[in-house]
Amino acid sequence: MDNNSIDIIITVPHSLCLHTYRDCDMLAKKAGTLLYKGLKEKHNTIIMFSNVHRTKLDLNREESRQSSFREELRILLKEENVKMLLDVHSFPNRSLPGEITFLVFNVNNFVYRLTTWLLQNNIDVNIVTASKVNDIILEAEHNNIKQLLIEFNESLTDERLKFIIDKMIQIFNILI
Ligand SMILES: [Zn+2]
């Protein structure tokens, strides 16, 4: 681990909640924080939480590219040796399949090995083709950085969420 370079960027663009209704990704802050704590033991890791509410500006869409969040992210993406970007979200039970769903542009070797490992550990993981409106992973891809949009099911218990994230960290430590 080189102390001067960033290995992993975690973005949580819908973490800011007002709680007048389900107005944010309810589990994303907790999931992102667990991923961050696990990954930073072996990798220089940065996590970015949303600083603007989704109803004002969706930080995962093209129209937010001039926001402070996206400009800060852009600087990080241009740094040398960034190995991976994880864009963390969560969904109400059944609005996407399974316990976790990956939104990806293509099933490359990284996605294939990650998914296979999680399935072998009896985690209900699904893959959905990402739309190009998912602007954070799109920008990472344009910078040739390995990226993954992860959606966590909001019905996961704390214990199950921790198990899933521990398994993810084990395989990230091999794959990146
Ligand atoms: Zn989201």
# chains A, B, ... in the order shown; residues from 1 in each chain; ligands from 1

call {"tool": "residues_near_ligand", "arguments": {"ligand": "ligand 1", "cutoff": "10 Å", "atoms": "only C-alpha atoms and all ligand atoms", "output": "ChimeraX atom specification"}}
result
/A:12-15,24-28,54,58-60,87-91,134,149-152

call {"tool": "select_by_dssp", "arguments": {"residues": "range 26-83 of chain A", "states": "strand (DSSP E or B)", "output": "ChimeraX atom specification"}}
result
/A:45-49

call {"tool": "residues_around", "arguments": {"residues": "Arg70 in chain A", "least_positions_apart": "6", "cutoff": "12 Å", "atoms": "only C-alpha atoms", "output": "number ranges by chain"}}
result
A: 11-13, 48-52, 57-64, 76-77, 135-137, 139-140

call {"tool": "atom_distance", "arguments": {"atom1": "CA of Ile75 in chain A", "atom2": "CA of Leu148 in chain A"}}
result
18.9 Å

call {"tool": "residues_around", "arguments": {"residues": "Ile176 in chain A", "least_positions_apart": "5", "cutoff": "9 Å", "atoms": "only C-alpha atoms", "output": "MDAnalysis selection string"}}
result
chainID A and resid 7 83:84 110 146 171

call {"tool": "write_last_selection", "arguments": {"atoms": "C-alpha atoms", "output": "mmCIF file, in the first residue's frame"}}
result
data_model
loop_
_atom_site.group_PDB
_atom_site.id
_atom_site.type_symbol
_atom_site.label_atom_id
_atom_site.label_comp_id
_atom_site.auth_asym_id
_atom_site.auth_seq_id
_atom_site.Cartn_x
_atom_site.Cartn_y
_atom_site.Cartn_z
ATOM 1 C CA ASP A 7 -6.759 2.522 -4.166
ATOM 2 C CA LYS A 83 -8.030 0.507 -8.679
ATOM 3 C CA MET A 84 -11.763 0.462 -8.105
ATOM 4 C CA PHE A 110 -14.074 -9.079 -12.227
ATOM 5 C CA LYS A 146 -12.939 -0.904 -12.456
ATOM 6 C CA ILE A 171 -12.968 -11.327 -2.639
#

call {"tool": "closest_residue", "arguments": {"among": "A:Val111, A:Val133, A:His142, A:Pro92", "to": "Leu175 in chain A", "atoms": "only C-alpha atoms"}}
result
A:Val111

call {"tool": "residues_around", "arguments": {"residues": "Ser5 in chain A", "least_positions_apart": "6", "cutoff": "8 Å", "atoms": "only C-alpha atoms", "output": "PyMOL selection string"}}
result
chain A and resi 44+79-82

call {"tool": "write_last_selection", "arguments": {"atoms": "N, CA and C atoms", "output": "CSV table (one decimal), in the first residue's frame"}}
result
chain,number,residue,atom,x,y,z
A,44,ASN,N,-5.8,2.0,0.6
A,44,ASN,CA,-6.2,3.4,0.8
A,44,ASN,C,-7.5,3.6,0.2
A,79,GLU,N,-6.6,10.7,-10.4
A,79,GLU,CA,-5.4,10.3,-9.7
A,79,GLU,C,-4.9,9.0,-10.3
A,80,GLU,N,-3.6,8.8,-10.2
A,80,GLU,CA,-3.0,7.6,-10.7
A,80,GLU,C,-3.3,6.4,-9.8
A,81,ASN,N,-3.4,5.3,-10.3
A,81,ASN,CA,-3.4,4.0,-9.5
A,81,ASN,C,-4.7,3.8,-8.8
A,82,VAL,N,-5.8,4.5,-9.1
A,82,VAL,CA,-7.1,4.2,-8.5
A,82,VAL,C,-7.5,2.8,-9.1

call {"tool": "select_by_dssp", "arguments": {"residues": "range 42-161 of chain A", "states": "helix (DSSP H, G or I)", "output": "PyMOL selection string"}}
result
chain A and resi 62-64+68-77+109-120+135-142+158-161

call {"tool": "write_last_selection", "arguments": {"atoms": "C-alpha atoms", "output": "PDB file, in the first residue's frame"}}
result
ATOM      1  CA  GLU A  62     -25.384  13.738 -15.727  1.00  0.00           C
ATOM      2  CA  GLU A  63     -26.997  17.018 -14.618  1.00  0.00           C
ATOM      3  CA  SER A  64     -25.008  16.932 -11.361  1.00  0.00           C
ATOM      4  CA  SER A  68     -19.056  19.954  -5.583  1.00  0.00           C
ATOM      5  CA  PHE A  69     -19.533  16.212  -4.977  1.00  0.00           C
ATOM      6  CA  ARG A  70     -18.949  15.313  -8.619  1.00  0.00           C
ATOM      7  CA  GLU A  71     -16.108  17.789  -9.083  1.00  0.00           C
ATOM      8  CA  GLU A  72     -14.336  16.371  -6.045  1.00  0.00           C
ATOM      9  CA  LEU A  73     -14.922  12.863  -7.375  1.00  0.00           C
ATOM     10  CA  ARG A  74     -13.558  13.859 -10.790  1.00  0.00           C
ATOM     11  CA  ILE A  75     -10.279  14.970  -9.225  1.00  0.00           C
ATOM     12  CA  LEU A  76     -10.001  11.624  -7.407  1.00  0.00           C
ATOM     13  CA  LEU A  77     -10.755   9.655 -10.587  1.00  0.00           C
ATOM     14  CA  ASN A 109     -13.951 -11.225 -15.384  1.00  0.00           C
ATOM     15  CA  PHE A 110     -14.074  -9.079 -12.227  1.00  0.00           C
ATOM     16  CA  VAL A 111     -17.879  -9.155 -12.046  1.00  0.00           C
ATOM     17  CA  TYR A 112     -17.984 -12.850 -12.917  1.00  0.00           C
ATOM     18  CA  ARG A 113     -15.516 -13.888 -10.203  1.00  0.00           C
ATOM     19  CA  LEU A 114     -17.074 -11.629  -7.591  1.00  0.00           C
ATOM     20  CA  THR A 115     -20.587 -12.918  -8.300  1.00  0.00           C
ATOM     21  CA  THR A 116     -19.497 -16.568  -8.402  1.00  0.00           C
ATOM     22  CA  TRP A 117     -17.793 -16.210  -5.026  1.00  0.00           C
ATOM     23  CA  LEU A 118     -20.872 -14.650  -3.411  1.00  0.00           C
ATOM     24  CA  LEU A 119     -23.184 -17.327  -4.867  1.00  0.00           C
ATOM     25  CA  GLN A 120     -20.843 -20.011  -3.502  1.00  0.00           C
ATOM     26  CA  ASP A 135     -23.394   8.630 -14.319  1.00  0.00           C
ATOM     27  CA  ILE A 136     -20.889   7.861 -11.528  1.00  0.00           C
ATOM     28  CA  ILE A 137     -19.958   4.399 -12.785  1.00  0.00           C
ATOM     29  CA  LEU A 138     -20.062   5.775 -16.328  1.00  0.00           C
ATOM     30  CA  GLU A 139     -17.474   8.403 -15.452  1.00  0.00           C
ATOM     31  CA  ALA A 140     -15.297   5.785 -13.703  1.00  0.00           C
ATOM     32  CA  GLU A 141     -15.502   3.572 -16.780  1.00  0.00           C
ATOM     33  CA  HIS A 142     -14.448   6.477 -19.007  1.00  0.00           C
ATOM     34  CA  ASP A 158     -27.512  -6.015  10.529  1.00  0.00           C
ATOM     35  CA  GLU A 159     -26.062  -9.496  10.966  1.00  0.00           C
ATOM     36  CA  ARG A 160     -26.773 -10.538   7.372  1.00  0.00           C
ATOM     37  CA  LEU A 161     -25.477  -7.247   5.973  1.00  0.00           C
TER      38      LEU A 161
END

call {"tool": "closest_residue", "arguments": {"among": "A:Asn173, A:Phe163, A:Ile123, A:Ser95", "to": "Ala31 in chain A", "atoms": "only C-alpha atoms"}}
result
A:Phe163

call {"tool": "closest_residue", "arguments": {"among": "A:Asn108, A:Thr55, A:Ser131, A:Ile6", "to": "Lys40 in chain A", "atoms": "only C-alpha atoms"}}
result
A:Ile6

call {"tool": "atom_distance", "arguments": {"atom1": "CA of Asp124 in chain A", "atom2": "CA of Phe102 in chain A"}}
result
11.1 Å
